[in-house]
$ cat structure05.cif   # mmCIF, C-alpha atoms
data_structure
#
loop_
_atom_site.group_PDB
_atom_site.id
_atom_site.type_symbol
_atom_site.label_atom_id
_atom_site.label_comp_id
_atom_site.auth_asym_id
_atom_site.auth_seq_id
_atom_site.Cartn_x
_atom_site.Cartn_y
_atom_site.Cartn_z
ATOM 1 C CA MET A 1 0.000 0.000 0.000
ATOM 2 C CA ALA A 2 1.327 3.443 -0.909
ATOM 3 C CA ARG A 3 2.043 5.633 2.083
ATOM 4 C CA ILE A 4 1.283 9.318 2.335
ATOM 5 C CA ASN A 5 4.391 11.381 1.680
ATOM 6 C CA LYS A 6 5.082 13.088 4.970
ATOM 7 C CA GLY A 7 7.644 15.487 3.486
ATOM 8 C CA ALA A 8 6.893 19.113 2.678
ATOM 9 C CA GLU A 9 4.920 19.572 -0.529
ATOM 10 C CA PRO A 10 6.971 21.007 -3.384
ATOM 11 C CA PRO A 11 6.102 24.525 -4.522
ATOM 12 C CA VAL A 12 4.127 24.992 -7.734
ATOM 13 C CA TYR A 13 5.601 27.708 -9.939
ATOM 14 C CA ASN A 14 3.492 29.585 -12.461
ATOM 15 C CA ARG A 15 3.663 32.209 -15.176
ATOM 16 C CA LEU A 16 0.280 33.646 -14.356
ATOM 17 C CA ALA A 17 1.357 37.244 -13.723
ATOM 18 C CA ALA A 18 3.405 37.415 -16.926
ATOM 19 C CA LEU A 19 0.665 35.832 -19.035
ATOM 20 C CA ARG A 20 -2.040 38.024 -17.530
ATOM 21 C CA THR A 21 -0.022 41.192 -18.151
ATOM 22 C CA ASP A 22 0.827 40.000 -21.643
ATOM 23 C CA ARG A 23 -2.871 39.610 -22.458
ATOM 24 C CA GLY A 24 -3.703 42.971 -20.846
ATOM 25 C CA MET A 25 -6.054 41.428 -18.292
ATOM 26 C CA THR A 26 -6.737 42.668 -14.773
ATOM 27 C CA ARG A 27 -6.847 40.226 -11.850
ATOM 28 C CA ARG A 28 -10.576 40.740 -11.669
ATOM 29 C CA GLU A 29 -11.084 39.910 -15.380
ATOM 30 C CA LEU A 30 -8.985 36.767 -15.067
ATOM 31 C CA ALA A 31 -10.819 35.786 -11.875
ATOM 32 C CA ASP A 32 -14.214 36.253 -13.533
ATOM 33 C CA ALA A 33 -13.115 34.216 -16.550
ATOM 34 C CA VAL A 34 -11.889 31.360 -14.353
ATOM 35 C CA GLY A 35 -14.733 31.617 -11.824
ATOM 36 C CA VAL A 36 -12.821 32.456 -8.654
ATOM 37 C CA HIS A 37 -12.520 35.454 -6.335
ATOM 38 C CA TYR A 38 -10.058 38.095 -7.564
ATOM 39 C CA GLN A 39 -7.925 37.716 -4.459
ATOM 40 C CA THR A 40 -7.378 34.057 -5.269
ATOM 41 C CA ILE A 41 -5.577 35.197 -8.443
ATOM 42 C CA GLY A 42 -3.285 37.335 -6.258
ATOM 43 C CA TYR A 43 -2.559 34.357 -4.019
ATOM 44 C CA LEU A 44 -1.835 32.208 -7.101
ATOM 45 C CA GLU A 45 0.469 34.794 -8.664
ATOM 46 C CA ARG A 46 2.471 35.134 -5.465
ATOM 47 C CA GLY A 47 2.738 31.337 -5.226
ATOM 48 C CA GLU A 48 0.895 31.344 -1.889
ATOM 49 C CA TYR A 49 -1.811 29.015 -3.147
ATOM 50 C CA LYS A 50 -1.582 25.889 -5.285
ATOM 51 C CA PRO A 51 -4.504 25.521 -7.677
ATOM 52 C CA SER A 52 -6.557 22.374 -8.054
ATOM 53 C CA LEU A 53 -6.171 20.430 -11.286
ATOM 54 C CA VAL A 54 -9.525 21.793 -12.479
ATOM 55 C CA MET A 55 -8.479 25.400 -11.890
ATOM 56 C CA ALA A 56 -5.055 24.853 -13.479
ATOM 57 C CA LEU A 57 -6.692 23.333 -16.573
ATOM 58 C CA ARG A 58 -9.228 26.166 -16.751
ATOM 59 C CA ILE A 59 -6.470 28.804 -16.588
ATOM 60 C CA ALA A 60 -4.366 26.976 -19.194
ATOM 61 C CA ALA A 61 -7.397 26.680 -21.483
ATOM 62 C CA LEU A 62 -8.111 30.393 -21.071
ATOM 63 C CA PHE A 63 -4.589 31.278 -22.225
ATOM 64 C CA GLU A 64 -4.791 28.548 -24.919
ATOM 65 C CA LEU A 65 -1.595 26.965 -23.625
ATOM 66 C CA PRO A 66 -0.729 23.490 -22.346
ATOM 67 C CA VAL A 67 -1.005 23.343 -18.551
ATOM 68 C CA GLU A 68 2.749 22.707 -18.145
ATOM 69 C CA ALA A 69 3.452 26.028 -19.903
ATOM 70 C CA VAL A 70 1.572 27.851 -17.132
ATOM 71 C CA PHE A 71 2.281 25.702 -14.054
ATOM 72 C CA SER A 72 5.372 23.681 -13.188
ATOM 73 C CA LEU A 73 7.046 21.952 -10.258
ATOM 74 C CA HIS A 74 10.332 23.529 -11.429
ATOM 75 C CA ALA A 75 11.070 27.247 -11.484
ATOM 76 C CA PHE A 76 10.487 28.823 -14.896
ATOM 77 C CA LYS A 77 13.396 30.533 -16.614
ATOM 78 C CA PRO A 78 12.974 34.310 -16.832
ATOM 79 C CA MET A 79 11.291 35.522 -20.036
ATOM 80 C CA SER A 80 14.368 37.637 -20.917
ATOM 81 C CA GLU A 81 16.570 34.532 -20.821
ATOM 82 C CA LEU A 82 14.144 32.650 -23.069
ATOM 83 C CA LEU A 83 14.000 35.560 -25.531
ATOM 84 C CA VAL A 84 17.817 35.763 -25.707
ATOM 85 C CA ALA A 85 18.021 31.997 -26.273
ATOM 86 C CA ALA A 86 15.357 32.200 -28.999
ATOM 87 C CA ALA A 87 17.163 35.112 -30.671
ATOM 88 C CA LYS A 88 20.462 33.194 -30.561
ATOM 89 C CA SER A 89 18.913 30.090 -32.068
ATOM 90 C CA ARG A 90 17.404 32.240 -34.867
ATOM 91 C CA GLY A 91 20.826 33.793 -35.484
ATOM 92 C CA ASN A 92 22.457 30.354 -35.775
ATOM 93 C CA LYS A 93 20.017 29.220 -38.484
ATOM 94 C CA MET B 94 -45.529 21.799 -2.274
ATOM 95 C CA MET B 95 -41.919 22.329 -1.228
ATOM 96 C CA LYS B 96 -41.289 24.492 1.772
ATOM 97 C CA GLU B 97 -39.608 27.831 1.072
ATOM 98 C CA PRO B 98 -36.024 27.966 2.338
ATOM 99 C CA PHE B 99 -35.166 30.357 5.159
ATOM 100 C CA LYS B 100 -33.561 32.781 2.740
ATOM 101 C CA SER B 101 -34.520 32.878 -0.899
ATOM 102 C CA GLU B 102 -31.683 32.151 -3.313
ATOM 103 C CA ASP B 103 -31.852 35.685 -4.735
ATOM 104 C CA VAL B 104 -31.418 37.285 -1.329
ATOM 105 C CA LEU B 105 -28.549 34.931 -0.512
ATOM 106 C CA ALA B 106 -26.879 35.578 -3.882
ATOM 107 C CA LYS B 107 -27.097 39.342 -3.336
ATOM 108 C CA GLU B 108 -25.724 38.982 0.191
ATOM 109 C CA ALA B 109 -22.822 36.852 -1.082
ATOM 110 C CA GLU B 110 -22.084 39.310 -3.921
ATOM 111 C CA HIS B 111 -22.148 42.217 -1.473
ATOM 112 C CA ALA B 112 -19.945 40.428 1.054
ATOM 113 C CA LEU B 113 -17.365 39.059 -1.384
ATOM 114 C CA TYR B 114 -17.088 41.907 -3.884
ATOM 115 C CA GLY B 115 -18.446 44.946 -2.037
ATOM 116 C CA GLU B 116 -15.960 47.762 -1.614
ATOM 117 C CA HIS B 117 -17.628 49.191 1.494
ATOM 118 C CA ALA B 118 -15.469 50.005 4.534
ATOM 119 C CA PRO B 119 -12.110 48.937 3.047
ATOM 120 C CA TRP B 120 -10.330 50.228 6.190
ATOM 121 C CA LEU B 121 -12.077 47.471 8.109
ATOM 122 C CA ARG B 122 -10.269 44.849 6.008
ATOM 123 C CA SER B 123 -6.714 45.995 6.650
ATOM 124 C CA HIS B 124 -4.738 43.392 8.549
ATOM 125 C CA SER B 125 -4.021 45.717 11.481
ATOM 126 C CA THR B 126 -7.711 46.677 11.883
ATOM 127 C CA ARG B 127 -8.766 43.044 11.707
ATOM 128 C CA ARG B 128 -6.236 42.103 14.399
ATOM 129 C CA LEU B 129 -7.425 45.006 16.536
ATOM 130 C CA LEU B 130 -11.023 43.744 16.186
ATOM 131 C CA CYS B 131 -9.855 40.260 17.250
ATOM 132 C CA VAL B 132 -8.232 41.716 20.372
ATOM 133 C CA PHE B 133 -11.384 43.719 21.223
ATOM 134 C CA CYS B 134 -13.522 40.617 20.690
ATOM 135 C CA VAL B 135 -11.416 38.462 23.028
ATOM 136 C CA VAL B 136 -11.053 41.221 25.637
ATOM 137 C CA SER B 137 -14.822 41.875 25.643
ATOM 138 C CA LEU B 138 -15.500 38.160 26.206
ATOM 139 C CA VAL B 139 -12.989 37.990 29.057
ATOM 140 C CA ALA B 140 -14.508 41.175 30.540
ATOM 141 C CA TYR B 141 -18.003 39.666 30.230
ATOM 142 C CA ALA B 142 -16.910 36.522 32.078
ATOM 143 C CA ALA B 143 -15.058 38.539 34.747
ATOM 144 C CA ALA B 144 -18.050 40.858 35.230
ATOM 145 C CA GLY B 145 -20.309 37.805 35.608
ATOM 146 C CA PHE B 146 -18.045 36.407 38.318
ATOM 147 C CA SER B 147 -17.769 39.701 40.183
ATOM 148 C CA ASP B 148 -21.481 40.519 39.828
ATOM 149 C CA ALA B 149 -21.102 43.760 37.846
ATOM 150 C CA PRO B 150 -24.121 43.979 35.511
ATOM 151 C CA VAL B 151 -23.174 47.322 33.935
ATOM 152 C CA ILE B 152 -19.728 46.043 32.905
ATOM 153 C CA SER B 153 -21.401 42.837 31.654
ATOM 154 C CA LEU B 154 -23.724 44.878 29.449
ATOM 155 C CA ILE B 155 -20.928 47.108 28.118
ATOM 156 C CA ALA B 156 -18.758 44.048 27.398
ATOM 157 C CA LEU B 157 -21.667 42.363 25.608
ATOM 158 C CA LEU B 158 -22.308 45.450 23.450
ATOM 159 C CA VAL B 159 -18.594 45.719 22.589
ATOM 160 C CA PHE B 160 -18.574 42.016 21.696
ATOM 161 C CA ILE B 161 -21.626 42.338 19.424
ATOM 162 C CA ALA B 162 -20.135 45.399 17.667
ATOM 163 C CA THR B 163 -16.746 43.731 17.119
ATOM 164 C CA TYR B 164 -18.395 40.466 16.038
ATOM 165 C CA ILE B 165 -20.419 42.283 13.368
ATOM 166 C CA GLY B 166 -17.279 44.197 12.334
ATOM 167 C CA LEU B 167 -15.282 40.966 12.099
ATOM 168 C CA ARG B 168 -17.919 39.297 9.922
ATOM 169 C CA VAL B 169 -17.815 42.214 7.489
ATOM 170 C CA ALA B 170 -13.994 42.310 7.628
ATOM 171 C CA VAL B 171 -13.664 38.630 6.645
ATOM 172 C CA ARG B 172 -16.333 38.974 3.922
ATOM 173 C CA LYS B 173 -18.562 36.386 5.645
ATOM 174 C CA ILE B 174 -16.344 33.643 4.158
ATOM 175 C CA VAL B 175 -16.966 31.602 7.293
ATOM 176 C CA ASP B 176 -20.745 31.495 6.831
ATOM 177 C CA LEU B 177 -21.465 31.630 3.097
ATOM 178 C CA PRO B 178 -22.690 28.428 1.433
ATOM 179 C CA ASP B 179 -20.092 26.450 -0.547
ATOM 180 C CA ARG B 180 -21.537 27.450 -3.913
ATOM 181 C CA TYR B 181 -20.609 31.108 -3.338
ATOM 182 C CA VAL B 182 -16.970 30.655 -2.328
ATOM 183 C CA ASP B 183 -14.083 29.450 -4.472
ATOM 184 C CA GLU B 184 -11.766 26.487 -3.837
ATOM 185 C CA ARG B 185 -9.134 28.555 -1.955
ATOM 186 C CA MET B 186 -11.779 29.933 0.396
ATOM 187 C CA LYS B 187 -13.228 26.446 0.945
ATOM 188 C CA MET B 188 -9.758 25.144 1.814
ATOM 189 C CA LEU B 189 -9.169 28.108 4.107
ATOM 190 C CA ARG B 190 -12.511 27.517 5.767
ATOM 191 C CA GLY B 191 -11.734 23.830 6.301
ATOM 192 C CA ASP B 192 -8.501 24.819 8.028
ATOM 193 C CA ILE B 193 -10.218 27.479 10.140
ATOM 194 C CA TYR B 194 -12.993 25.123 11.283
ATOM 195 C CA ARG B 195 -10.404 22.456 12.195
ATOM 196 C CA TRP B 196 -8.671 24.967 14.492
ATOM 197 C CA THR B 197 -12.022 26.180 15.823
ATOM 198 C CA HIS B 198 -12.836 22.578 16.758
ATOM 199 C CA VAL B 199 -9.532 22.372 18.642
ATOM 200 C CA GLY B 200 -10.181 25.754 20.307
ATOM 201 C CA VAL B 201 -13.709 24.913 21.434
ATOM 202 C CA ALA B 202 -12.574 21.503 22.726
ATOM 203 C CA ALA B 203 -9.801 23.273 24.681
ATOM 204 C CA MET B 204 -12.292 25.766 26.156
ATOM 205 C CA ILE B 205 -14.690 22.985 27.214
ATOM 206 C CA SER B 206 -11.757 21.088 28.755
ATOM 207 C CA ALA B 207 -10.701 24.236 30.663
ATOM 208 C CA ILE B 208 -14.259 24.693 32.008
ATOM 209 C CA MET B 209 -14.390 21.026 33.068
ATOM 210 C CA ILE B 210 -11.021 21.319 34.841
ATOM 211 C CA LEU B 211 -12.240 24.502 36.552
ATOM 212 C CA HIS B 212 -15.347 22.645 37.706
ATOM 213 C CA ILE B 213 -13.283 19.733 39.101
ATOM 214 C CA VAL B 214 -10.819 22.067 40.847
ATOM 215 C CA LEU B 215 -13.612 24.186 42.369
ATOM 216 C CA SER B 216 -15.499 21.073 43.524
ATOM 217 C CA LEU B 217 -12.370 19.735 45.250
ATOM 218 C CA MET B 218 -11.672 23.132 46.817
ATOM 219 C CA ALA B 219 -15.295 23.422 47.958
ATOM 220 C CA LYS B 220 -15.053 19.982 49.628
ATOM 221 C CA SER B 221 -11.984 21.191 51.561
ATOM 222 C CA GLY B 222 -13.782 24.426 52.398
ATOM 223 C CA ILE B 223 -11.247 26.637 50.569
ATOM 224 C CA ALA B 224 -13.606 27.962 47.909
ATOM 225 C CA GLN B 225 -17.223 27.893 46.780
ATOM 226 C CA THR B 226 -18.595 26.156 43.704
ATOM 227 C CA LEU B 227 -19.988 28.354 40.947
ATOM 228 C CA SER B 228 -23.573 29.543 41.236
ATOM 229 C CA SER B 229 -26.052 28.714 38.494
ATOM 230 C CA GLU B 230 -25.856 32.353 37.242
ATOM 231 C CA GLN B 231 -22.078 32.115 37.008
ATOM 232 C CA TRP B 232 -22.367 28.832 35.108
ATOM 233 C CA PHE B 233 -24.877 30.460 32.790
ATOM 234 C CA ASP B 234 -22.440 33.352 32.142
ATOM 235 C CA LEU B 235 -19.640 30.873 31.467
ATOM 236 C CA MET B 236 -21.798 28.925 29.010
ATOM 237 C CA PHE B 237 -22.762 32.209 27.358
ATOM 238 C CA VAL B 238 -19.064 33.064 26.924
ATOM 239 C CA LEU B 239 -18.461 29.611 25.456
ATOM 240 C CA LEU B 240 -21.316 30.097 22.998
ATOM 241 C CA PHE B 241 -20.068 33.565 21.963
ATOM 242 C CA ALA B 242 -16.499 32.328 21.693
ATOM 243 C CA SER B 243 -17.489 29.383 19.488
ATOM 244 C CA LEU B 244 -19.458 31.773 17.253
ATOM 245 C CA ALA B 245 -16.637 34.288 16.977
ATOM 246 C CA LEU B 246 -13.645 31.941 16.860
ATOM 247 C CA PRO B 247 -13.766 31.079 13.097
ATOM 248 C CA ASN B 248 -13.981 34.799 12.257
ATOM 249 C CA ILE B 249 -11.206 35.643 14.741
ATOM 250 C CA LEU B 250 -8.868 32.968 13.343
ATOM 251 C CA LEU B 251 -9.551 34.014 9.755
ATOM 252 C CA ALA B 252 -9.162 37.719 10.479
ATOM 253 C CA TRP B 253 -5.947 37.174 12.442
ATOM 254 C CA ARG B 254 -4.298 34.778 10.003
ATOM 255 C CA GLU B 255 -5.036 35.998 6.513
ATOM 256 C CA ARG B 256 -2.886 38.789 5.119
ATOM 257 C CA GLU B 257 -5.430 39.784 2.451
ATOM 258 C CA ILE B 258 -9.189 39.326 2.514
#

$ encode --input "structure05.cif" --output "structure tokens"
Amino acid sequence: MARINKGAEPPVYNRLAALRTDRGMTRRELADAVGVHYQTIGYLERGEYKPSLVMALRIAALFELPVEAVFSLHAFKPMSELLVAAAKSRGNK
Amino acid sequence: MMKEPFKSEDVLAKEAEHALYGEHAPWLRSHSTRRLLCVFCVVSLVAYAAAGFSDAPVISLIALLVFIATYIGLRVAVRKIVDLPDRYVDERMKMLRGDIYRWTHVGVAAMISAIMILHIVLSLMAKSGIAQTLSSEQWFDLMFVLLFASLALPNILLAWREREI
């Protein structure tokens, strides 16, 4: 029988703030679209609350992205780093 | 024919909307104000119990009025998250509420245990002639405090703990 993991739960990282700003949405608009209170979005963005699978899927669907592009168990690389890497790879082609 | 519920769904929906999204009295929701309300709530309950024991009806009444005012203030400050039906609160609030009620259960059990210990100690002391047992009025006051405390405790815990509400 599998035992409950007694260790501390790993943090869940997300790109919610960046994606929301990118789409020009307020916390309230995002909250209304997902069906939660606007303060829950604040808690999510600060990493103080881990969403349920349903909420994570709803948010990913709203941004039309796979769920792992929005939420991850590993820290996301900064956008600037990704942009530099993308620019470099374009330059190499 | 089905019996009408206590509150119609429309009234409840409006109340939930007002409580969760209303921008009235934002100063009441600041963390420092909420903590101050918690302190007033606890102090008023202690004062009510103390006044009951020392037979001071005016202080009892003042303490009761302060408690009622702070209790109403606390409910507004925590957006009635503690009392709203599940369908009006989101998953984070439900989780928060579960946590708060678990601690309230512990708190109320601790208060009942303390009252029982007090009763045992006073009975033993009364047998040895050191002290008197509580009168029925004093027991009534103590039970009243327990009732008020169990009503206020979820709001107090929520108001004290949460940074943003």

$ closest_residue --input "structure05.cif" --among "A:Ile41, A:Phe76, A:Glu48, A:Leu83" --to "A:Glu29" --atoms "all atoms listed in the file"
A:Ile41

$ atom_distance --input "structure05.cif" --atom1 "atom CA of B:Ser228" --atom2 "atom CA of B:Ser216"
11.9 Å

$ atom_distance --input "structure05.cif" --atom1 "atom CA of B:Arg122" --atom2 "atom CA of B:Ala170"
4.8 Å

$ atom_distance --input "structure05.cif" --atom1 "atom CA of B:Val182" --atom2 "atom CA of B:Ala202"
27.0 Å

$ interface_residues --input "structure05.cif" --of "chain A" --to "chain B" --cutoff "10 Å" --atoms "all atoms listed in the file" --output "list of chain:residue names"
A:Gly35, A:Val36, A:His37, A:Tyr38, A:Gln39, A:Thr40, A:Ile41, A:Gly42, A:Tyr43, A:Leu44, A:Tyr49, A:Lys50, A:Pro51, A:Ser52, A:Met55

$ resolve_selection --input "structure05.cif" --expression "the PyMOL selection byres ((chain A and resi 58-74) around 9)" --output "tab-separated table (two decimals) with C-alpha atoms, in the coordinates of the input"
chain	number	residue	atom	x	y	z
A	10	PRO	CA	6.97	21.01	-3.38
A	11	PRO	CA	6.10	24.52	-4.52
A	12	VAL	CA	4.13	24.99	-7.73
A	13	TYR	CA	5.60	27.71	-9.94
A	14	ASN	CA	3.49	29.58	-12.46
A	15	ARG	CA	3.66	32.21	-15.18
A	16	LEU	CA	0.28	33.65	-14.36
A	19	LEU	CA	0.66	35.83	-19.04
A	20	ARG	CA	-2.04	38.02	-17.53
A	23	ARG	CA	-2.87	39.61	-22.46
A	30	LEU	CA	-8.98	36.77	-15.07
A	33	ALA	CA	-13.12	34.22	-16.55
A	34	VAL	CA	-11.89	31.36	-14.35
A	53	LEU	CA	-6.17	20.43	-11.29
A	54	VAL	CA	-9.52	21.79	-12.48
A	55	MET	CA	-8.48	25.40	-11.89
A	56	ALA	CA	-5.06	24.85	-13.48
A	57	LEU	CA	-6.69	23.33	-16.57
A	75	ALA	CA	11.07	27.25	-11.48
A	76	PHE	CA	10.49	28.82	-14.90

$ residues_around --input "structure05.cif" --residues "stretch 189-197 of chain B" --least-positions-apart "2" --cutoff "12 Å" --atoms "all atoms listed in the file" --output "ChimeraX atom specification"
/A:40,49 /B:171,173-179,182-187,199-204,242-255,258

$ residues_around --input "structure05.cif" --residues "stretch 79-82 of chain A" --least-positions-apart "6" --cutoff "12 Å" --atoms "all atoms listed in the file" --output "JSON, numbers by chain"
{"A": [15, 17, 18, 19, 22, 88, 89]}

$ closest_residue --input "structure05.cif" --among "B:Ser153, B:Lys107, B:Asp148, B:Ile161" --to "B:Leu130" --atoms "all atoms listed in the file"
B:Ile161

$ residues_around --input "structure05.cif" --residues "B:Ala143" --least-positions-apart "4" --cutoff "10 Å" --atoms "all atoms listed in the file" --output "JSON, numbers by chain"
{"B": [137, 138, 139, 147, 148, 149, 152, 153, 156, 231, 234, 235]}

$ axis_aligned_box --input "structure05.cif" --around "stretch 116-131 of chain B" --padding-each-side "3 Å" --output "AutoDock Vina command-line options"
--center_x -10.8 --center_y 45.2 --center_z 7.8 --size_x 19.6 --size_y 16.0 --size_z 24.9

$ closest_residue --input "structure05.cif" --among "B:Ala106, B:Ala219, B:Ala144, B:Ala224" --to "B:Leu157" --atoms "all atoms listed in the file"
B:Ala144
